[in-house]
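Structure first, then comments.
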Amino acid sequence: MSLNSSQTLTVSGQDLVRNGSSSGRPPWEEARAALKPSTPTKKPQPPKPQNAITIAVSSRVLFNMEKEQQIYEQQGMEEYIKYQVAHETEPFSPGPAFSFVKALEAVNTKLRELYPDSEELFDVVLITNNHAYVGLRLITTINHHQLVIERFCMTGGNSPIGYLKAYHTNLYLSADPVKVHEALDEGIAAATMFTPEKMTEVSETQLRVAFDGDAVLFSDESEQIFKAHGLDKFFEHEKTHENKPLDHGPLKGFLEVLGRLQKKFYAKGHRMDCPIRTYLVTARSAASSGARALKTLRSWGLEIDEALFLAGAPKGPMLEKIRPHIFFDDQMFHVEGAAEMGTVACHVPYGIAQKVPRKGVKDKETSSAVK
Ligand SMILES: [Mg+2]
């Protein structure tokens with residue numbers, strides 16, 4: 001681009017007339033100054049992927065795209081794109097992962113205050129297999145809701161696994177159980193997120209994460225005993241092996257990074273008002289099988305803030321009280337029970353009794369009151 005001394009530049013709707021003499025600066029410097037945003041952006045820079053705690057979310061869980069999804073399914077790709085382009089300036093409303101992502105940002109803000117030079121922060125990556133046209137609407141939405149999302153992967157319908165690995169993903173949330181399966185198979189912590197009818201209000205200042213134990217934080221080894229030999233044998237087995245830590249499950253790594261960040265807050269005197277709180281919500285009973293779960297966590301050097309042993313009671317009412325931003329369970333029965341009571345619940349399709357969950361279909365065979 002070249003400028004002569006009387007050229008008019010239109011930048012952000014403002015006309016700037018160059019006369020080449022008012023500031024005494026050469027015209028190209030004037031142009032460069034004019035092209036800078038009038039108010040400097042305060043958006044924090046994202047950390048480098050190797051330093052960050054990367055949370056990859058699909059556009060369908062971060063935003064409410066149900067109507068658009070229906071158009072795609074019923075009318076096909078062309079109508080879908082037409083609709084999206086016609087509504088390009090309308091932001092999507094929040095989806096089930098939205099408040100979780102907001103809470104991650106709140107934690108980042110506090111980490112930045114306490115550790116201004118550290119890049120150990122959450123970084124949210126938006127994964128979408130949408131058409132590029134829809135990308136514009138997604139950017140509009142991100143800006144509308146003032147989300148700090150700088151990384152954006154449009155996979156064009158391909159598997160996201162390559163991207164998830166490249167970004168050192170610590171957690172992947174999607175509405176698509178097939179992609180979640182693929183990620184878990186590659187050793188990436190992943191879960192299928194469901195949208196409750198009515199979402200319970202959650203804290204804006206404290207991130208709360210609730211985990212089931214067996215086949216989520218822990219492996220499914222004890223569940224295998226239950227499936228093969230029943231409840232009595234399960235209790236007996238757990239008692240006998242009380243001092244033998246369970247093997248790790250698919251979400252252990254995510255609890256680990258939360259624990260690492262918690263320790264950074266503790267180190268600055270924020271134990272009681274830590275902006276991250278973790279919960280174990282298990283159907284194990286405290287007396288007979290709870291000790292092994294707690295001893296396992298201790299052997300890993302992990303603390304959990306609250307442990308609830310429900311001895312087979314439904315998890316939904318407890319979760320309603322905890323009001324977590326996210327809850328992980330391997331049993332659809334518990335995921336549905338939690339979602340019915342307003343908790344954003346995620347299914348971790350891992351372990352002996354899994355099937356790919358289908359939306360709206362109660363999976364009685366994979367449900368049990370034990371885990
Ligand atoms: Mg379980």
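Ordering of the structure tokens sets the chain letters (A, B, ...), residue numbers begin anew at 1 in every chain, and ligands are numbered from 1 in the order given.
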Tell me, counting only C-alpha atoms and all ligand atoms, for each residue of chain A within 12 Å of ligand 1, which pair of atoms is nearest and how far apart they are in Å to one decimal, in rows ordered by chain and increasing number, as a tab-separated table.
residue	atom	partner	partner_atom_place_in_ligand_line	distance
A:Phe211	CA	ligand 1	1 (Mg)	9.0
A:Asp212	CA	ligand 1	1 (Mg)	5.5
A:Gly213	CA	ligand 1	1 (Mg)	5.6
A:Asp214	CA	ligand 1	1 (Mg)	4.0
A:Ala215	CA	ligand 1	1 (Mg)	4.8
A:Val216	CA	ligand 1	1 (Mg)	6.0
A:Leu217	CA	ligand 1	1 (Mg)	8.6
A:Phe218	CA	ligand 1	1 (Mg)	8.4
A:Ser219	CA	ligand 1	1 (Mg)	9.0
A:Asp220	CA	ligand 1	1 (Mg)	7.7
A:Glu221	CA	ligand 1	1 (Mg)	10.7
A:Ser222	CA	ligand 1	1 (Mg)	9.8
A:Glu223	CA	ligand 1	1 (Mg)	7.8
A:Gln224	CA	ligand 1	1 (Mg)	11.1
A:Phe226	CA	ligand 1	1 (Mg)	11.5
A:Gly249	CA	ligand 1	1 (Mg)	10.0
A:Pro250	CA	ligand 1	1 (Mg)	11.4
A:Leu251	CA	ligand 1	1 (Mg)	11.5
A:Leu280	CA	ligand 1	1 (Mg)	10.8
A:Val281	CA	ligand 1	1 (Mg)	9.5
A:Thr282	CA	ligand 1	1 (Mg)	7.2
A:Ala283	CA	ligand 1	1 (Mg)	7.8
A:Arg284	CA	ligand 1	1 (Mg)	9.2
A:Ala293	CA	ligand 1	1 (Mg)	11.8
A:Gly312	CA	ligand 1	1 (Mg)	11.2
A:Lys315	CA	ligand 1	1 (Mg)	11.5
A:Phe327	CA	ligand 1	1 (Mg)	11.8
A:Phe328	CA	ligand 1	1 (Mg)	9.0
A:Asp329	CA	ligand 1	1 (Mg)	5.8
A:Asp330	CA	ligand 1	1 (Mg)	5.0
A:Gln331	CA	ligand 1	1 (Mg)	6.0
A:Met332	CA	ligand 1	1 (Mg)	9.7
A:Phe333	CA	ligand 1	1 (Mg)	10.2
A:His334	CA	ligand 1	1 (Mg)	8.8
A:Val335	CA	ligand 1	1 (Mg)	10.4
A:His347	CA	ligand 1	1 (Mg)	10.1
A:Val348	CA	ligand 1	1 (Mg)	9.0
A:Pro349	CA	ligand 1	1 (Mg)	10.2
A:Tyr350	CA	ligand 1	1 (Mg)	9.2
A:Gly351	CA	ligand 1	1 (Mg)	8.6
A:Ile352	CA	ligand 1	1 (Mg)	10.4
A:Ala353	CA	ligand 1	1 (Mg)	10.1
A:Gln354	CA	ligand 1	1 (Mg)	10.8
A:Thr366	CA	ligand 1	1 (Mg)	10.2
A:Ser367	CA	ligand 1	1 (Mg)	9.5
A:Ser368	CA	ligand 1	1 (Mg)	8.9
A:Ala369	CA	ligand 1	1 (Mg)	9.6
A:Val370	CA	ligand 1	1 (Mg)	8.0
A:Lys371	CA	ligand 1	1 (Mg)	4.3
Next, write the just-selected residues to a file, as an mmCIF file, in the first residue's frame, keeping C-alpha atoms as the atom set.
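Final file, result_3.cif:
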data_model
loop_
_atom_site.group_PDB
_atom_site.id
_atom_site.type_symbol
_atom_site.label_atom_id
_atom_site.label_comp_id
_atom_site.auth_asym_id
_atom_site.auth_seq_id
_atom_site.Cartn_x
_atom_site.Cartn_y
_atom_site.Cartn_z
ATOM 1 C CA PHE A 211 -15.924 -36.836 39.465
ATOM 2 C CA ASP A 212 -17.255 -40.334 39.807
ATOM 3 C CA GLY A 213 -14.598 -42.770 41.042
ATOM 4 C CA ASP A 214 -14.664 -46.160 39.309
ATOM 5 C CA ALA A 215 -13.992 -46.062 35.572
ATOM 6 C CA VAL A 216 -13.514 -42.275 35.706
ATOM 7 C CA LEU A 217 -10.687 -41.352 38.110
ATOM 8 C CA PHE A 218 -9.889 -45.016 38.724
ATOM 9 C CA SER A 219 -9.693 -47.920 36.317
ATOM 10 C CA ASP A 220 -12.636 -50.295 35.963
ATOM 11 C CA GLU A 221 -10.868 -53.198 37.682
ATOM 12 C CA SER A 222 -13.243 -53.284 40.671
ATOM 13 C CA GLU A 223 -16.262 -52.868 38.451
ATOM 14 C CA GLN A 224 -15.148 -55.968 36.580
ATOM 15 C CA PHE A 226 -18.847 -56.574 40.434
ATOM 16 C CA GLY A 249 -8.732 -44.072 34.993
ATOM 17 C CA PRO A 250 -9.191 -41.694 32.033
ATOM 18 C CA LEU A 251 -9.879 -38.522 34.059
ATOM 19 C CA LEU A 280 -15.597 -37.259 44.445
ATOM 20 C CA VAL A 281 -19.197 -38.412 44.084
ATOM 21 C CA THR A 282 -19.194 -42.186 44.187
ATOM 22 C CA ALA A 283 -21.836 -44.845 44.716
ATOM 23 C CA ARG A 284 -19.292 -46.807 46.780
ATOM 24 C CA ALA A 293 -10.794 -45.045 46.888
ATOM 25 C CA GLY A 312 -25.949 -46.689 45.863
ATOM 26 C CA LYS A 315 -26.285 -38.840 42.683
ATOM 27 C CA PHE A 327 -19.735 -33.776 36.509
ATOM 28 C CA PHE A 328 -18.131 -36.885 34.995
ATOM 29 C CA ASP A 329 -19.519 -40.418 35.224
ATOM 30 C CA ASP A 330 -19.074 -43.610 33.214
ATOM 31 C CA GLN A 331 -22.659 -44.754 33.799
ATOM 32 C CA MET A 332 -25.393 -43.221 31.652
ATOM 33 C CA PHE A 333 -27.808 -43.911 34.478
ATOM 34 C CA HIS A 334 -25.976 -41.423 36.708
ATOM 35 C CA VAL A 335 -25.374 -38.948 33.891
ATOM 36 C CA HIS A 347 -20.422 -39.379 30.040
ATOM 37 C CA VAL A 348 -16.987 -41.012 30.030
ATOM 38 C CA PRO A 349 -17.397 -44.010 27.728
ATOM 39 C CA TYR A 350 -14.741 -46.143 29.371
ATOM 40 C CA GLY A 351 -14.736 -49.500 31.127
ATOM 41 C CA ILE A 352 -16.196 -52.938 30.918
ATOM 42 C CA ALA A 353 -19.863 -52.142 30.501
ATOM 43 C CA GLN A 354 -19.764 -49.440 27.874
ATOM 44 C CA THR A 366 -24.889 -50.055 31.625
ATOM 45 C CA SER A 367 -26.602 -48.619 34.692
ATOM 46 C CA SER A 368 -25.946 -49.922 38.121
ATOM 47 C CA ALA A 369 -26.379 -48.691 41.638
ATOM 48 C CA VAL A 370 -22.886 -49.754 42.600
ATOM 49 C CA LYS A 371 -20.567 -47.406 40.749
#
Please identify all polymer residues within 12 Å of Phe92 in chain A, counting only C-alpha atoms, omitting same-chain residues fewer than 4 positions from it, and present them as a ChimeraX atom specification. /A:59-68,84,87-88,98,134-145
How would the residues just picked look written out with N, CA and C atoms as a PDB file, in the first residue's frame?
ATOM      1  N   SER A  59     -17.916 -26.800  19.304  1.00  0.00           N
ATOM      2  CA  SER A  59     -18.826 -25.649  19.232  1.00  0.00           C
ATOM      3  C   SER A  59     -20.233 -26.027  19.700  1.00  0.00           C
ATOM      4  N   ARG A  60     -20.604 -27.293  19.509  1.00  0.00           N
ATOM      5  CA  ARG A  60     -21.961 -27.719  19.886  1.00  0.00           C
ATOM      6  C   ARG A  60     -22.169 -27.850  21.391  1.00  0.00           C
ATOM      7  N   VAL A  61     -21.082 -27.949  22.168  1.00  0.00           N
ATOM      8  CA  VAL A  61     -21.269 -27.954  23.625  1.00  0.00           C
ATOM      9  C   VAL A  61     -21.034 -26.564  24.225  1.00  0.00           C
ATOM     10  N   LEU A  62     -20.216 -25.776  23.543  1.00  0.00           N
ATOM     11  CA  LEU A  62     -19.982 -24.431  24.077  1.00  0.00           C
ATOM     12  C   LEU A  62     -21.183 -23.526  23.812  1.00  0.00           C
ATOM     13  N   PHE A  63     -21.793 -23.712  22.664  1.00  0.00           N
ATOM     14  CA  PHE A  63     -22.948 -22.877  22.305  1.00  0.00           C
ATOM     15  C   PHE A  63     -24.161 -23.744  22.014  1.00  0.00           C
ATOM     16  N   ASN A  64     -25.303 -23.100  22.086  1.00  0.00           N
ATOM     17  CA  ASN A  64     -26.553 -23.807  21.783  1.00  0.00           C
ATOM     18  C   ASN A  64     -26.787 -23.746  20.271  1.00  0.00           C
ATOM     19  N   MET A  65     -26.538 -24.863  19.601  1.00  0.00           N
ATOM     20  CA  MET A  65     -26.692 -24.904  18.146  1.00  0.00           C
ATOM     21  C   MET A  65     -27.731 -25.946  17.748  1.00  0.00           C
ATOM     22  N   GLU A  66     -28.667 -26.201  18.665  1.00  0.00           N
ATOM     23  CA  GLU A  66     -29.631 -27.276  18.419  1.00  0.00           C
ATOM     24  C   GLU A  66     -30.479 -27.038  17.176  1.00  0.00           C
ATOM     25  N   LYS A  67     -30.950 -25.797  17.027  1.00  0.00           N
ATOM     26  CA  LYS A  67     -31.801 -25.473  15.883  1.00  0.00           C
ATOM     27  C   LYS A  67     -31.040 -25.712  14.573  1.00  0.00           C
ATOM     28  N   GLU A  68     -29.787 -25.242  14.557  1.00  0.00           N
ATOM     29  CA  GLU A  68     -28.959 -25.382  13.354  1.00  0.00           C
ATOM     30  C   GLU A  68     -28.672 -26.860  13.075  1.00  0.00           C
ATOM     31  N   GLN A  84     -27.121 -20.428   8.204  1.00  0.00           N
ATOM     32  CA  GLN A  84     -26.044 -19.844   9.019  1.00  0.00           C
ATOM     33  C   GLN A  84     -25.597 -18.501   8.451  1.00  0.00           C
ATOM     34  N   HIS A  87     -27.987 -15.800   9.201  1.00  0.00           N
ATOM     35  CA  HIS A  87     -28.006 -15.412  10.624  1.00  0.00           C
ATOM     36  C   HIS A  87     -26.611 -15.099  11.157  1.00  0.00           C
ATOM     37  N   GLU A  88     -25.730 -14.758  10.244  1.00  0.00           N
ATOM     38  CA  GLU A  88     -24.321 -14.597  10.599  1.00  0.00           C
ATOM     39  C   GLU A  88     -24.051 -13.597  11.720  1.00  0.00           C
ATOM     40  N   PHE A  98     -20.633 -23.689  28.546  1.00  0.00           N
ATOM     41  CA  PHE A  98     -20.345 -22.255  28.611  1.00  0.00           C
ATOM     42  C   PHE A  98     -19.915 -21.800  30.011  1.00  0.00           C
ATOM     43  N   VAL A 134     -19.667 -20.754   8.770  1.00  0.00           N
ATOM     44  CA  VAL A 134     -20.185 -20.795  10.137  1.00  0.00           C
ATOM     45  C   VAL A 134     -19.125 -20.254  11.101  1.00  0.00           C
ATOM     46  N   GLY A 135     -17.858 -20.375  10.686  1.00  0.00           N
ATOM     47  CA  GLY A 135     -16.760 -19.851  11.499  1.00  0.00           C
ATOM     48  C   GLY A 135     -16.962 -18.379  11.825  1.00  0.00           C
ATOM     49  N   LEU A 136     -17.473 -17.618  10.851  1.00  0.00           N
ATOM     50  CA  LEU A 136     -17.687 -16.190  11.094  1.00  0.00           C
ATOM     51  C   LEU A 136     -18.721 -15.978  12.202  1.00  0.00           C
ATOM     52  N   ARG A 137     -19.766 -16.800  12.160  1.00  0.00           N
ATOM     53  CA  ARG A 137     -20.794 -16.667  13.197  1.00  0.00           C
ATOM     54  C   ARG A 137     -20.229 -17.070  14.567  1.00  0.00           C
ATOM     55  N   LEU A 138     -19.352 -18.053  14.567  1.00  0.00           N
ATOM     56  CA  LEU A 138     -18.732 -18.470  15.834  1.00  0.00           C
ATOM     57  C   LEU A 138     -17.840 -17.360  16.395  1.00  0.00           C
ATOM     58  N   ILE A 139     -17.108 -16.686  15.503  1.00  0.00           N
ATOM     59  CA  ILE A 139     -16.247 -15.581  15.966  1.00  0.00           C
ATOM     60  C   ILE A 139     -17.117 -14.451  16.529  1.00  0.00           C
ATOM     61  N   THR A 140     -18.214 -14.151  15.821  1.00  0.00           N
ATOM     62  CA  THR A 140     -19.155 -13.137  16.315  1.00  0.00           C
ATOM     63  C   THR A 140     -19.627 -13.505  17.717  1.00  0.00           C
ATOM     64  N   THR A 141     -19.931 -14.797  17.899  1.00  0.00           N
ATOM     65  CA  THR A 141     -20.452 -15.261  19.187  1.00  0.00           C
ATOM     66  C   THR A 141     -19.396 -15.144  20.289  1.00  0.00           C
ATOM     67  N   ILE A 142     -18.172 -15.552  19.973  1.00  0.00           N
ATOM     68  CA  ILE A 142     -17.073 -15.476  20.951  1.00  0.00           C
ATOM     69  C   ILE A 142     -16.884 -14.019  21.400  1.00  0.00           C
ATOM     70  N   ASN A 143     -16.908 -13.105  20.438  1.00  0.00           N
ATOM     71  CA  ASN A 143     -16.735 -11.690  20.790  1.00  0.00           C
ATOM     72  C   ASN A 143     -17.940 -11.162  21.562  1.00  0.00           C
ATOM     73  N   HIS A 144     -19.126 -11.574  21.161  1.00  0.00           N
ATOM     74  CA  HIS A 144     -20.345 -11.122  21.837  1.00  0.00           C
ATOM     75  C   HIS A 144     -20.326 -11.504  23.318  1.00  0.00           C
ATOM     76  N   HIS A 145     -19.915 -12.738  23.597  1.00  0.00           N
ATOM     77  CA  HIS A 145     -19.898 -13.222  24.991  1.00  0.00           C
ATOM     78  C   HIS A 145     -18.576 -12.910  25.694  1.00  0.00           C
TER      79      HIS A 145
END
Taking 3 positions as the minimum chain separation for residues in the same chain, which residues sit within 6 Å of range 186-198 of chain A when counting only C-alpha atoms? Answer as a ChimeraX atom specification. /A:96,171-175,177,180,183,250-251,339,342,346-348
Residues within 12 Å of His168 in chain A, only C-alpha atoms, excluding chain neighbours under 6 positions, as number ranges by chain: A: 48-56, 122-125, 161-162, 186-189
Can you write out the residues you just picked, keeping C-alpha atoms, as a PDB file, in the first residue's frame?
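Below is the file result-v6.pdb, written as the result:
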ATOM      1  CA  LYS A  48       1.900 -21.527  24.698  1.00  0.00           C
ATOM      2  CA  PRO A  49       0.274 -24.962  24.271  1.00  0.00           C
ATOM      3  CA  GLN A  50       3.169 -26.766  25.973  1.00  0.00           C
ATOM      4  CA  ASN A  51       2.744 -24.650  29.130  1.00  0.00           C
ATOM      5  CA  ALA A  52      -1.041 -24.438  29.145  1.00  0.00           C
ATOM      6  CA  ILE A  53      -3.748 -26.692  30.486  1.00  0.00           C
ATOM      7  CA  THR A  54      -5.623 -27.163  27.259  1.00  0.00           C
ATOM      8  CA  ILE A  55      -9.350 -27.687  27.303  1.00  0.00           C
ATOM      9  CA  ALA A  56     -10.771 -28.488  23.879  1.00  0.00           C
ATOM     10  CA  PHE A 122      -6.199 -22.827  31.121  1.00  0.00           C
ATOM     11  CA  ASP A 123      -6.374 -22.404  27.393  1.00  0.00           C
ATOM     12  CA  VAL A 124      -9.670 -23.125  25.682  1.00  0.00           C
ATOM     13  CA  VAL A 125      -9.507 -24.385  22.102  1.00  0.00           C
ATOM     14  CA  ILE A 161      -7.477 -36.360  17.246  1.00  0.00           C
ATOM     15  CA  GLY A 162      -4.466 -34.882  15.412  1.00  0.00           C
ATOM     16  CA  GLU A 186      -5.643 -42.302  22.205  1.00  0.00           C
ATOM     17  CA  GLY A 187      -5.253 -41.737  25.936  1.00  0.00           C
ATOM     18  CA  ILE A 188      -6.810 -38.243  25.938  1.00  0.00           C
ATOM     19  CA  ALA A 189      -9.214 -37.446  28.792  1.00  0.00           C
TER      20      ALA A 189
END
Do you have, as a tab-separated table, the list of residues of range 169-270 of chain A lying at most 10 Å from range 299-310 of chain A, each with its nearest atom pair and that distance in Å to one decimal, counting only C-alpha atoms and ordered by chain then number?
residue	atom	partner	partner_atom	distance
A:Ala210	CA	A:Glu306	CA	9.2
A:Phe211	CA	A:Ala307	CA	9.6
A:Asp212	CA	A:Leu308	CA	9.6
A:Gly213	CA	A:Ala307	CA	9.9
A:Asn243	CA	A:Ser299	CA	9.6
A:Lys244	CA	A:Ser299	CA	9.3
A:Pro245	CA	A:Ser299	CA	6.8
A:Leu246	CA	A:Ser299	CA	9.5
A:His248	CA	A:Trp300	CA	9.2
A:Lys252	CA	A:Leu302	CA	9.5
A:Leu255	CA	A:Leu302	CA	7.9
A:Glu256	CA	A:Leu302	CA	6.7
A:Val257	CA	A:Leu302	CA	9.9
A:Leu258	CA	A:Leu302	CA	9.6
A:Gly259	CA	A:Leu302	CA	6.6
A:Arg260	CA	A:Leu302	CA	9.0
A:Gln262	CA	A:Glu303	CA	9.6
A:Lys263	CA	A:Glu303	CA	9.9
Same residues, C-alpha atoms, saved as a PDB file, in the first residue's frame:
ATOM      1  CA  ALA A 210     -17.235 -33.389  40.374  1.00  0.00           C
ATOM      2  CA  PHE A 211     -15.924 -36.836  39.465  1.00  0.00           C
ATOM      3  CA  ASP A 212     -17.255 -40.334  39.807  1.00  0.00           C
ATOM      4  CA  GLY A 213     -14.598 -42.770  41.042  1.00  0.00           C
ATOM      5  CA  ASN A 243      -4.129 -51.094  50.676  1.00  0.00           C
ATOM      6  CA  LYS A 244      -3.513 -51.795  47.010  1.00  0.00           C
ATOM      7  CA  PRO A 245      -4.074 -48.574  45.037  1.00  0.00           C
ATOM      8  CA  LEU A 246      -6.415 -48.806  42.076  1.00  0.00           C
ATOM      9  CA  HIS A 248      -5.647 -44.842  37.079  1.00  0.00           C
ATOM     10  CA  LYS A 252      -7.090 -38.889  36.619  1.00  0.00           C
ATOM     11  CA  LEU A 255      -7.824 -34.042  38.499  1.00  0.00           C
ATOM     12  CA  GLU A 256      -4.036 -33.910  38.682  1.00  0.00           C
ATOM     13  CA  VAL A 257      -3.786 -30.588  36.826  1.00  0.00           C
ATOM     14  CA  LEU A 258      -6.585 -29.122  38.944  1.00  0.00           C
ATOM     15  CA  GLY A 259      -4.641 -30.214  42.037  1.00  0.00           C
ATOM     16  CA  ARG A 260      -1.463 -28.601  40.688  1.00  0.00           C
ATOM     17  CA  GLN A 262      -4.914 -25.567  43.665  1.00  0.00           C
ATOM     18  CA  LYS A 263      -1.457 -25.884  45.233  1.00  0.00           C
TER      19      LYS A 263
END
Please indicate the distance in Å from CA of Gln206 in chain A to CA of Glu336 in chain A, rounded to one decimal place.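 It comes out at 24.4 Å.
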I'd like to know which residues of range 192-252 of chain A are strand (DSSP E) (by DSSP, run on the backbone); could you write them as an MDAnalysis selection string? chainID A and resid 192:193 207:211
As a ChimeraX atom specification, please: every residue in range 138-261 of chain A that a backbone DSSP assignment puts in alpha helix (DSSP H). /A:138-144,161-166,177-185,221-229,231-240,252-261
With distances taken over only C-alpha atoms, which of A:Glu238, A:Glu105, A:Asp176, A:Glu113 is nearest to Ile127 in chain A?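 That would be A:Asp176, the residue with the smallest distance to Ile127 in chain A.
Closest to His325 in chain A among A:Lys264, A:Met199, A:His241, A:Cys153 is A:Met199, based on only C-alpha atoms.
When only C-alpha atoms are used to compute distances to Ile149 in chain A, the closest of the residues A:Leu114, A:Leu104, A:Ile326, A:Ala291 turns out to be A:Leu104.
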